[in-house]
Structures are given as C-alpha cells and as structure tokens.
$ cat model19.csv   # CSV, C-alpha atoms
chain,number,residue,atom,x,y,z
A,1,MET,CA,29.8,-22.8,61.3
A,2,MET,CA,32.8,-20.7,62.5
A,3,ALA,CA,30.9,-17.6,61.3
A,4,ASP,CA,27.9,-18.6,63.4
A,5,MET,CA,30.1,-19.1,66.4
A,6,ALA,CA,31.8,-15.8,65.9
A,7,ALA,CA,28.5,-14.0,65.5
A,8,GLU,CA,27.2,-15.7,68.7
A,9,LEU,CA,30.3,-14.7,70.6
A,10,MET,CA,30.1,-11.1,69.4
A,11,ALA,CA,26.4,-11.0,70.4
A,12,GLU,CA,27.3,-12.3,73.8
A,13,ALA,CA,30.1,-9.8,74.3
A,14,LEU,CA,27.6,-7.0,73.8
A,15,VAL,CA,25.1,-8.3,76.2
A,16,PRO,CA,26.3,-6.8,79.5
A,17,ALA,CA,25.6,-3.3,78.0
A,18,ILE,CA,22.0,-4.1,77.8
A,19,THR,CA,20.1,-6.3,80.3
A,20,LEU,CA,20.5,-10.0,80.1
A,21,GLN,CA,16.7,-10.4,80.6
A,22,PHE,CA,16.1,-8.2,77.5
A,23,ASP,CA,18.6,-10.2,75.5
A,24,GLU,CA,17.0,-13.5,76.5
A,25,TRP,CA,13.5,-12.2,75.7
A,26,MET,CA,14.8,-10.9,72.4
A,27,ARG,CA,16.1,-14.3,71.5
A,28,THR,CA,12.8,-16.0,72.2
A,29,GLU,CA,10.8,-13.4,70.2
A,30,GLN,CA,13.2,-12.5,67.4
A,31,ARG,CA,12.3,-15.2,65.0
A,32,ARG,CA,8.6,-14.6,65.3
A,33,VAL,CA,8.9,-10.8,65.0
A,34,PHE,CA,11.2,-11.1,62.0
A,35,LEU,CA,8.8,-13.5,60.2
A,36,LEU,CA,5.9,-11.2,61.0
A,37,CYS,CA,7.8,-8.2,59.6
A,38,TRP,CA,8.9,-10.2,56.6
A,39,ARG,CA,5.4,-11.3,55.8
A,40,MET,CA,4.1,-7.7,56.1
A,41,LEU,CA,6.9,-6.1,54.1
A,42,SER,CA,7.8,-8.9,51.7
A,43,ASP,CA,11.4,-7.8,51.7
A,44,THR,CA,14.2,-9.2,53.8
A,45,ASP,CA,16.2,-6.0,54.2
A,46,GLU,CA,13.1,-4.0,55.2
A,47,ALA,CA,12.0,-6.8,57.6
A,48,ASP,CA,15.4,-6.8,59.1
A,49,THR,CA,15.3,-3.0,59.7
A,50,ALA,CA,11.7,-3.2,61.0
A,51,THR,CA,12.7,-6.0,63.4
A,52,GLN,CA,15.6,-4.0,64.7
A,53,ASP,CA,13.4,-0.9,65.0
A,54,ALA,CA,10.7,-2.9,66.9
A,55,PHE,CA,13.2,-4.2,69.5
A,56,LEU,CA,14.9,-0.8,69.8
A,57,LYS,CA,11.5,0.8,70.5
A,58,ALA,CA,10.7,-2.0,73.0
A,59,TYR,CA,14.0,-1.4,74.7
A,60,ARG,CA,13.4,2.4,74.9
A,61,ALA,CA,9.9,1.7,76.4
A,62,ILE,CA,11.2,-1.1,78.7
A,63,ASP,CA,9.5,0.4,81.7
A,64,LYS,CA,6.2,-0.3,80.0
A,65,LEU,CA,7.0,-3.9,79.4
A,66,PRO,CA,4.2,-6.0,80.7
A,67,GLN,CA,4.9,-8.7,83.4
A,68,GLU,CA,3.0,-11.5,81.8
A,69,ALA,CA,4.7,-13.4,78.9
A,70,ASP,CA,1.6,-13.4,76.8
A,71,ASP,CA,1.0,-9.7,77.3
A,72,ARG,CA,4.7,-9.0,76.6
A,73,ALA,CA,4.4,-10.9,73.3
A,74,ARG,CA,1.2,-9.0,72.4
A,75,TRP,CA,2.9,-5.7,73.3
A,76,LEU,CA,5.9,-6.4,71.1
A,77,THR,CA,3.6,-7.6,68.3
A,78,ARG,CA,1.8,-4.3,68.4
A,79,ILE,CA,5.1,-2.4,68.2
A,80,ALA,CA,6.2,-4.6,65.3
A,81,VAL,CA,3.0,-4.2,63.4
A,82,ASN,CA,2.9,-0.5,63.8
A,83,THR,CA,6.5,-0.2,62.7
A,84,CYS,CA,5.6,-2.2,59.6
A,85,LEU,CA,2.5,-0.1,58.9
A,86,ASP,CA,4.6,3.0,59.1
A,87,ARG,CA,7.1,1.5,56.6
A,88,LEU,CA,4.3,0.4,54.3
A,89,ARG,CA,2.8,4.0,54.4
A,90,SER,CA,6.2,5.5,53.7
A,91,ARG,CA,6.6,3.1,50.8
A,92,ARG,CA,4.0,5.0,48.8
A,93,TRP,CA,6.6,7.6,47.8
A,94,GLN,CA,9.5,5.1,47.5
A,95,PHE,CA,8.8,4.5,43.8
A,96,TRP,CA,12.3,3.4,43.3
A,97,ARG,CA,12.1,0.7,46.0
A,98,LYS,CA,13.1,-2.7,44.7
A,99,ARG,CA,12.7,-6.1,46.1
A,100,ALA,CA,15.8,-7.8,47.4
A,101,GLU,CA,17.5,-10.3,45.1
A,102,ALA,CA,15.9,-13.7,45.2
A,103,ASN,CA,19.3,-15.2,46.0
A,104,THR,CA,19.7,-13.0,49.0
A,105,GLU,CA,16.3,-13.9,50.3
A,106,ASP,CA,17.0,-17.5,49.8
A,107,ALA,CA,20.1,-17.3,51.8
A,108,VAL,CA,18.2,-15.8,54.7
A,109,MET,CA,15.0,-17.8,54.5
A,110,ARG,CA,15.6,-21.5,54.4
A,111,ASP,CA,12.4,-22.4,52.8
A,112,ALA,CA,10.3,-25.0,54.6
A,113,ARG,CA,8.2,-25.7,51.6
A,114,THR,CA,10.4,-28.6,50.8
A,115,ARG,CA,9.1,-30.3,53.9
A,116,SER,CA,6.0,-31.4,52.0
A,117,PRO,CA,6.1,-35.1,51.4
A,118,GLY,CA,5.2,-35.6,47.8
A,119,ALA,CA,6.7,-33.8,44.7
A,120,GLU,CA,3.2,-32.7,43.6
A,121,ASP,CA,2.4,-31.3,47.0
A,122,ARG,CA,5.7,-29.5,47.1
A,123,VAL,CA,5.1,-27.9,43.7
A,124,PHE,CA,1.6,-26.9,44.8
A,125,ALA,CA,2.9,-25.5,48.1
A,126,ASN,CA,5.5,-23.4,46.3
A,127,GLN,CA,2.9,-22.2,43.9
A,128,LEU,CA,0.5,-21.4,46.7
A,129,ASN,CA,3.1,-19.6,48.7
A,130,ASP,CA,4.1,-17.5,45.7
A,131,ARG,CA,0.6,-16.7,44.8
A,132,LEU,CA,-0.4,-16.0,48.4
A,133,GLU,CA,2.5,-13.6,48.7
A,134,LYS,CA,1.4,-11.7,45.6
A,135,ALA,CA,-2.2,-11.7,46.7
A,136,LEU,CA,-1.3,-10.4,50.1
A,137,GLU,CA,0.5,-7.5,48.4
A,138,ARG,CA,-2.9,-6.4,46.9
A,139,LEU,CA,-4.5,-6.1,50.4
A,140,SER,CA,-4.4,-2.7,52.1
A,141,PRO,CA,-1.8,-2.5,54.9
A,142,ARG,CA,-4.5,-2.7,57.5
A,143,GLN,CA,-6.2,-5.8,55.9
A,144,LYS,CA,-2.8,-7.4,55.5
A,145,SER,CA,-1.8,-6.9,59.1
A,146,ILE,CA,-5.1,-8.2,60.4
A,147,PHE,CA,-5.0,-11.3,58.1
A,148,LEU,CA,-1.4,-12.0,59.0
A,149,LEU,CA,-2.0,-11.7,62.8
A,150,ARG,CA,-4.9,-14.1,62.5
A,151,HIS,CA,-3.4,-16.5,60.2
A,152,TYR,CA,0.2,-16.7,61.2
A,153,GLU,CA,0.1,-15.4,64.7
A,154,ASP,CA,-3.1,-17.2,65.6
A,155,ARG,CA,-4.4,-14.1,67.4
A,156,SER,CA,-8.0,-13.8,68.3
A,157,ILE,CA,-10.1,-10.9,66.9
A,158,GLU,CA,-10.1,-9.3,70.3
A,159,GLU,CA,-6.3,-9.4,70.6
A,160,ILE,CA,-5.9,-8.0,67.1
A,161,ALA,CA,-8.4,-5.2,67.9
A,162,ASP,CA,-6.4,-4.4,71.0
A,163,MET,CA,-3.1,-4.5,69.1
A,164,LEU,CA,-4.3,-2.2,66.3
A,165,GLN,CA,-6.5,0.0,68.5
A,166,LEU,CA,-9.6,-0.9,66.5
A,167,ASP,CA,-12.9,-2.2,67.6
A,168,SER,CA,-13.7,-5.9,67.1
A,169,GLY,CA,-16.4,-5.1,64.5
A,170,SER,CA,-13.8,-3.2,62.3
A,171,VAL,CA,-11.4,-6.1,62.6
A,172,LYS,CA,-14.0,-8.6,61.5
A,173,SER,CA,-15.0,-6.4,58.6
A,174,HIS,CA,-11.4,-5.9,57.5
A,175,MET,CA,-10.9,-9.7,57.9
A,176,PHE,CA,-13.9,-10.5,55.8
A,177,ARG,CA,-12.7,-8.1,53.0
A,178,ALA,CA,-9.2,-9.6,53.2
A,179,THR,CA,-10.4,-13.2,53.0
A,180,SER,CA,-12.8,-12.3,50.1
A,181,LYS,CA,-10.0,-10.7,48.2
A,182,LEU,CA,-7.6,-13.6,48.8
A,183,ARG,CA,-10.3,-16.1,47.8
A,184,ALA,CA,-10.9,-14.2,44.6
A,185,GLU,CA,-7.1,-14.0,43.9
A,186,LEU,CA,-6.5,-17.6,44.6
A,187,GLU,CA,-9.7,-18.9,43.2
A,188,ASP,CA,-8.1,-21.0,40.4
A,189,LEU,CA,-5.7,-22.7,42.8
A,190,TYR,CA,-8.4,-23.2,45.4
A,191,TYR,CA,-10.9,-24.9,43.1
A,192,GLN,CA,-8.2,-26.8,41.3
A,193,ARG,CA,-7.2,-28.6,44.5
A,194,LYS,CA,-10.5,-28.7,46.3
A,195,PRO,CA,-11.5,-32.4,46.8
B,196,MET,CA,-33.7,-25.6,63.2
B,197,ASN,CA,-31.6,-24.6,60.2
B,198,THR,CA,-30.7,-27.9,58.4
B,199,ARG,CA,-28.7,-26.3,55.6
B,200,HIS,CA,-25.1,-27.2,55.8
B,201,LEU,CA,-22.6,-24.4,55.9
B,202,THR,CA,-20.5,-23.9,52.7
B,203,ARG,CA,-16.8,-24.2,52.9
B,204,THR,CA,-16.5,-20.5,52.3
B,205,GLU,CA,-18.9,-19.8,55.3
B,206,ILE,CA,-16.9,-22.1,57.5
B,207,ILE,CA,-13.6,-20.5,56.5
B,208,ASP,CA,-15.0,-17.0,57.0
B,209,SER,CA,-16.3,-17.9,60.4
B,210,TRP,CA,-13.0,-19.4,61.4
B,211,TYR,CA,-11.1,-16.3,60.4
B,212,ALA,CA,-13.7,-14.1,62.1
B,213,GLY,CA,-13.1,-16.2,65.3
B,214,GLU,CA,-16.7,-17.1,65.5
B,215,ARG,CA,-18.2,-20.6,66.0
B,216,PRO,CA,-21.6,-20.5,64.2
B,217,ALA,CA,-24.5,-21.8,66.3
B,218,HIS,CA,-25.3,-24.3,63.5
B,219,LEU,CA,-22.2,-26.3,64.5
B,220,SER,CA,-23.7,-27.4,67.8
B,221,ASP,CA,-26.6,-29.0,65.8
B,222,CYS,CA,-24.6,-30.3,62.9
B,223,ALA,CA,-21.7,-32.8,63.5
B,224,GLU,CA,-20.7,-32.7,59.8
B,225,CYS,CA,-20.1,-28.9,59.7
B,226,ALA,CA,-18.6,-29.0,63.2
B,227,ALA,CA,-16.1,-31.6,61.9
B,228,SER,CA,-15.2,-29.4,58.9
B,229,TYR,CA,-14.7,-26.4,61.2
B,230,ASP,CA,-12.5,-28.3,63.6
B,231,ALA,CA,-10.6,-29.8,60.7
B,232,LEU,CA,-9.6,-26.2,59.9
B,233,ASN,CA,-7.9,-25.8,63.3
B,234,THR,CA,-5.9,-29.0,62.6
B,235,GLN,CA,-5.1,-27.9,59.1
B,236,HIS,CA,-4.0,-24.5,60.3
B,237,ALA,CA,-1.8,-26.0,63.1
B,238,SER,CA,-0.1,-28.2,60.5
B,239,LEU,CA,0.5,-25.2,58.3
B,240,MET,CA,2.0,-23.3,61.1
B,241,ASN,CA,4.5,-26.2,61.7
B,242,GLN,CA,5.8,-25.5,58.2
B,243,GLN,CA,7.1,-22.1,59.0
B,244,PRO,CA,10.3,-21.1,57.2
B,245,GLU,CA,13.6,-21.5,59.2
B,246,LEU,CA,16.0,-18.7,59.7
B,247,SER,CA,19.8,-19.3,59.9
B,248,ALA,CA,21.4,-18.9,63.3
B,249,ALA,CA,24.0,-16.6,61.8
B,250,PHE,CA,21.4,-14.2,60.4
B,251,LEU,CA,19.6,-14.1,63.8
B,252,ALA,CA,22.9,-13.6,65.7
B,253,GLU,CA,24.0,-10.8,63.3
B,254,GLN,CA,20.6,-9.1,63.7
B,255,ARG,CA,21.0,-9.3,67.5
B,256,ILE,CA,24.4,-7.7,67.3
B,257,ALA,CA,22.9,-4.9,65.2
B,258,ILE,CA,20.1,-4.4,67.7
B,259,GLU,CA,22.5,-4.4,70.6
B,260,ARG,CA,24.8,-1.9,68.9
B,261,ARG,CA,21.9,0.4,68.1
B,262,ILE,CA,20.7,0.1,71.7
B,263,GLN,CA,24.2,1.1,72.9
B,264,ASN,CA,24.6,3.9,70.4
B,265,GLY,CA,21.0,5.0,70.4
B,266,GLN,CA,21.3,5.4,66.6
B,267,PRO,CA,18.4,4.8,64.3
B,268,LYS,CA,19.2,2.2,61.6
B,269,LEU,CA,19.2,3.7,58.1
B,270,GLY,CA,17.4,1.7,55.4
B,271,TRP,CA,19.0,1.2,52.1
B,272,TRP,CA,17.0,4.1,50.5
B,273,ASN,CA,18.2,6.4,53.3
B,274,ARG,CA,21.8,5.3,52.8
B,275,ALA,CA,21.3,5.8,49.1
B,276,ALA,CA,19.9,9.3,49.6
B,277,LEU,CA,22.7,10.2,52.0
B,278,ALA,CA,25.3,8.8,49.5
B,279,GLY,CA,23.7,10.8,46.7
B,280,ALA,CA,23.7,14.0,48.8
B,281,ALA,CA,27.3,13.4,49.7
B,282,ALA,CA,28.2,12.9,46.1
B,283,ALA,CA,26.3,16.0,45.1
B,284,LEU,CA,28.2,18.0,47.7
B,285,SER,CA,31.5,16.6,46.6
B,286,ALA,CA,30.6,17.5,43.0
B,287,VAL,CA,29.8,21.1,44.1
B,288,PHE,CA,33.1,21.4,45.9
B,289,LEU,CA,35.0,20.1,42.9
B,290,LEU,CA,33.2,22.2,40.4
B,291,VAL,CA,33.1,25.5,42.2
B,292,PRO,CA,36.5,27.2,42.3
B,293,ASN,CA,37.9,27.6,45.8
B,294,LYS,CA,38.9,31.2,46.1
B,295,THR,CA,40.7,30.9,49.5
B,296,ASN,CA,43.1,28.2,48.3
B,297,SER,CA,43.8,29.6,44.9
B,298,THR,CA,47.4,30.8,44.5
B,299,VAL,CA,46.6,32.9,41.5
B,300,PRO,CA,44.4,35.9,42.4
B,301,VAL,CA,41.3,35.8,40.3
B,302,SER,CA,39.7,39.0,39.4
B,303,VAL,CA,36.0,38.6,38.9
B,304,THR,CA,34.7,41.0,36.3
B,305,PRO,CA,31.0,41.2,36.2
B,306,PRO,CA,29.3,41.0,32.8
B,307,PRO,CA,29.0,44.5,31.2
B,308,MET,CA,25.3,44.7,31.8
B,309,ILE,CA,25.6,44.0,35.5
B,310,ALA,CA,28.6,46.3,35.8
B,311,GLU,CA,26.6,49.0,34.1
B,312,ALA,CA,23.7,48.5,36.4
B,313,HIS,CA,26.0,48.8,39.4
B,314,ASN,CA,27.4,52.1,38.0
B,315,HIS,CA,23.9,53.4,37.5
B,316,PRO,CA,22.0,52.4,40.5
B,317,ALA,CA,19.2,54.7,39.7
B,318,MET,CA,18.6,53.0,36.3
B,319,SER,CA,14.9,52.9,35.7
B,320,ASP,CA,12.9,49.7,34.7
B,321,THR,CA,12.4,51.2,31.2
B,322,GLU,CA,16.1,51.6,30.7
B,323,PHE,CA,16.8,48.2,32.1
B,324,PHE,CA,14.3,46.4,29.8
B,325,ALA,CA,15.6,48.5,26.8
B,326,GLU,CA,19.1,47.3,27.7
B,327,ILE,CA,17.9,43.7,27.7
B,328,SER,CA,15.9,43.9,24.5
B,329,GLY,CA,19.0,45.6,22.8
B,330,SER,CA,21.1,42.6,24.0
B,331,ILE,CA,18.5,40.1,22.6
B,332,GLU,CA,18.3,41.9,19.2
B,333,ARG,CA,22.0,41.9,18.8
B,334,ALA,CA,22.9,39.9,15.6
B,335,GLU,CA,25.9,38.3,17.3
B,336,PRO,CA,25.9,37.0,20.9
B,337,GLU,CA,28.3,38.7,23.2
B,338,ALA,CA,30.0,35.4,23.9
B,339,ALA,CA,31.3,35.4,20.3
B,340,ALA,CA,33.3,38.5,20.9
B,341,PRO,CA,36.4,36.7,22.3
B,342,ILE,CA,36.3,34.3,19.4
B,343,ARG,CA,36.1,37.2,16.9
B,344,ALA,CA,39.1,38.8,18.7
B,345,LEU,CA,41.1,35.6,18.2
B,346,PHE,CA,40.1,35.5,14.6
B,347,LYS,CA,41.3,39.1,14.2
B,348,GLU,CA,44.7,38.3,15.7
B,349,THR,CA,45.3,35.4,13.3
B,350,GLN,CA,44.4,37.6,10.4
B,351,ASN,CA,47.0,40.2,11.5

$ encode --input "model19.csv" --output "structure tokens"
Amino acid sequence: MMADMAAELMAEALVPAITLQFDEWMRTEQRRVFLLCWRMLSDTDEADTATQDAFLKAYRAIDKLPQEADDRARWLTRIAVNTCLDRLRSRRWQFWRKRAEANTEDAVMRDARTRSPGAEDRVFANQLNDRLEKALERLSPRQKSIFLLRHYEDRSIEEIADMLQLDSGSVKSHMFRATSKLRAELEDLYYQRKP
Amino acid sequence: MNTRHLTRTEIIDSWYAGERPAHLSDCAECAASYDALNTQHASLMNQQPELSAAFLAEQRIAIERRIQNGQPKLGWWNRAALAGAAAALSAVFLLVPNKTNSTVPVSVTPPPMIAEAHNHPAMSDTEFFAEISGSIERAEPEAAAPIRALFKETQN
C-alpha cells in the first residue's frame, strides 16, 4: 500500500516536466497498451519495455497526436503494434532469450481467470488460456497482431488495415489463416466443450 | 434462397472477418448464433487480467524519466550484452600489462625469428619459409630452452 502511494507520488512529482494532458492520456491508455504488448510478446519484461517505447514514441511525435479520442487510441495502438512487431522480428536472433519467471509474471498479472464461477469452468479457462497463449505463439507476427487487434481490441477489419498499413483483403486473409491455425491447435479443447 | 444453416466454424470466421453473411437476414437461428458471439466476446473481454497499481505507477515513472532524459530503455539482453562487453574490457585491462604504470622497466625482446627478420629486411620469401620449416622440424620446441637451461644449472 505504502509502496503504491510512494510510486504514485513519485509519478506525480515528475509530471510537470511533461505535459499534464499527456500524463492523463497515458494513464487512460497505459493498461490497454501494456496488455496488447503483453499478448503480442508473451513476456512481461518485453511488454514493459515495448509499452514504454510506444509512449516515448508517441510523446516525441506529439504534434501528430490526433484530436479525436478514438483516433488517438488508434494512433497509439498502431505505434504499439509496430513496436511489438519490431521486437518480434528482432527476436529471431535472440536465441538466448528466455521467458520471465512465472512468479514474476504472476506478481504483475493478477489473473482474472479465477473470476469464473465454477471450479470446472475455472480449470477449463486456465487450460484454454495456456493453450491459446501457446497457439498464438505459432502464428506469424502479422497474423498474431491482426488476431489480437480483432479479438482483444475489438477493432474492425478496416481499422486494423489502417493501423497495419494493409488492405482489408490482406487483413481478412491473415485473419482467416490465423483462426484456422488456432482452430486446429485448439481442436481438442473446442470439441471437448462444444455443447 | 439458401436454406442450409451456417456451421459454427463459418459463423466464427464471418465474425472475425467482420462480415455479416447475407444468410443471417433470412435465418433467425443463424442470426441468433452470430449475435450470441458478440455477447460471448463481450463477456470474455470483461475477464481481462488486472494489473497492480504499483506496477502501472512504476511504469509511468520510467516513461516520464525516459521522456525527460530522452534515453532509450535497454532491454535485459542489451543490458546483458553491455555488461558482457564491460566485463570483457575489464578482463583485457587486467590481463594486458600496463606499460605506463609499471615501475620496473620491461624490455621487450622480440622472438629470435622476428628479430632476425627485422635485421634482414630484405629477407626473401624462400628464406623466410626455410626458416619456418627449420623451426618446425626442430626436435625440441624453442620454449623448452629455458627449462633445459634450468636443468643444466641444477646439474652443475
């Protein structure tokens, strides 16, 4: 509790150096951006760095910040996704890269899976989340980002196309391949639970 | 009119592709399945993981510091690479003798072959290779000479 308060106070003390509006905007978008990065990179430390990078890039390009809240969110999402895609590409040669310790991740991510009502549902939700995470790792970075933007960010195909500088047809085709792969990966779970 | 019901896979694919198939306007059953996906998705989105306030505050501090300093954040692999490079440099400094700080003057005597080459700058390639092959064919390595000298001393 004291640590939270101290961190808050420190964060506030630094605010005058940057604009208050940027800080407020960052507070509203931070959680969403971090979760998007975390899902794309499957690593807390990397997602933390990517989130910081995304906000830093946004701050440096603040004169391009759109006026409309929706446009601003889309603009920031595009920055975050591109930052993650760059990190995923650079991962190819990081053969020594390792995943953060599960304990560390748990400390950061308070898992909402426990919100499921029944024990059986809870077990299934955990199983599904783990399997989904692994299946997502097998998608290409492009497919993964498209699927995540559609599934978790609820973005339309047109918005995704705009964010990733692709045409709608390519987004649909990537999406179709992504869902087909995920379906194949999660087939046993899917059919096991299907009513 | 197409009376065939859409499969669940087709409905899911259409949903992810952001399309509402024309069949849905004629088929209440498929339309209900499609709309149920929206509800199901919305309930899934309500189950997003929570992040601790301390973590978010720390992250904001880091971002604000980086904005102030204009410094890029180094990932753990960059930090590891930098630490490795620093360790390698330190090792080089420790292992290579520092001539300027040395109190005892060190005379560097080049190995005989190099010294000889310096004394005979006009040595031809043939001579040079003959020298090398002679050195290779020697029964005893040159490095053994000091040991032999020690041995001789103890004998005397």

$ closest_atom_pairs --input "model19.csv" --of "chain B" --to "chain A" --cutoff "7 Å" --atoms "all atoms listed in the file" --output "CSV"
residue,atom,partner,partner_atom,distance
B:Asp208,CA,A:Phe176,CA,6.7
B:Tyr211,CA,A:Arg150,CA,6.9
B:Ala212,CA,A:Lys172,CA,5.5
B:Gly213,CA,A:Ile157,CA,6.3
B:Met240,CA,A:Tyr152,CA,6.8
B:Gln242,CA,A:Ala112,CA,5.8
B:Gln243,CA,A:Ala112,CA,6.2
B:Pro244,CA,A:Ala112,CA,4.7
B:Glu245,CA,A:Arg110,CA,5.2
B:Leu246,CA,A:Met109,CA,5.4
B:Ser247,CA,A:Val108,CA,6.5
B:Ala248,CA,A:Asp4,CA,6.5
B:Ala249,CA,A:Asp4,CA,4.7
B:Phe250,CA,A:Val108,CA,6.7
B:Ala252,CA,A:Ala7,CA,5.6
B:Glu253,CA,A:Ala7,CA,5.9
B:Arg255,CA,A:Ala11,CA,6.4
B:Ile256,CA,A:Ala11,CA,4.9
B:Ile258,CA,A:Gln52,CA,5.4
B:Glu259,CA,A:Leu14,CA,6.6
B:Ile262,CA,A:Leu56,CA,6.2
B:Gln263,CA,A:Ala17,CA,6.9
B:Lys268,CA,A:Thr49,CA,6.8
B:Gly270,CA,A:Thr49,CA,6.7

$ atom_distance --input "model19.csv" --atom1 "atom CA of A:Ser140" --atom2 "atom CA of A:Ser90"
13.5 Å

$ atom_distance --input "model19.csv" --atom1 "atom CA of A:Asp188" --atom2 "atom CA of B:Arg203"
15.6 Å

$ atom_distance --input "model19.csv" --atom1 "atom CA of A:Arg78" --atom2 "atom CA of A:Met163"
5.0 Å

$ closest_residue --input "model19.csv" --among "B:Thr198, B:Asn233, B:Ser228, B:Thr204" --to "A:Leu182" --atoms "only C-alpha atoms"
B:Thr204

$ closest_residue --input "model19.csv" --among "A:Leu149, A:Leu65, A:Leu186, A:Leu41" --to "A:Arg131" --atoms "only C-alpha atoms"
A:Leu186

$ closest_residue --input "model19.csv" --among "A:Met40, A:Glu29, A:Asp130, A:Ala47" --to "A:Leu76" --atoms "all atoms listed in the file"
A:Glu29

$ closest_residue --input "model19.csv" --among "B:Thr321, B:Ala257, B:Cys225, B:Asn241" --to "B:Leu201" --atoms "all atoms listed in the file"
B:Cys225
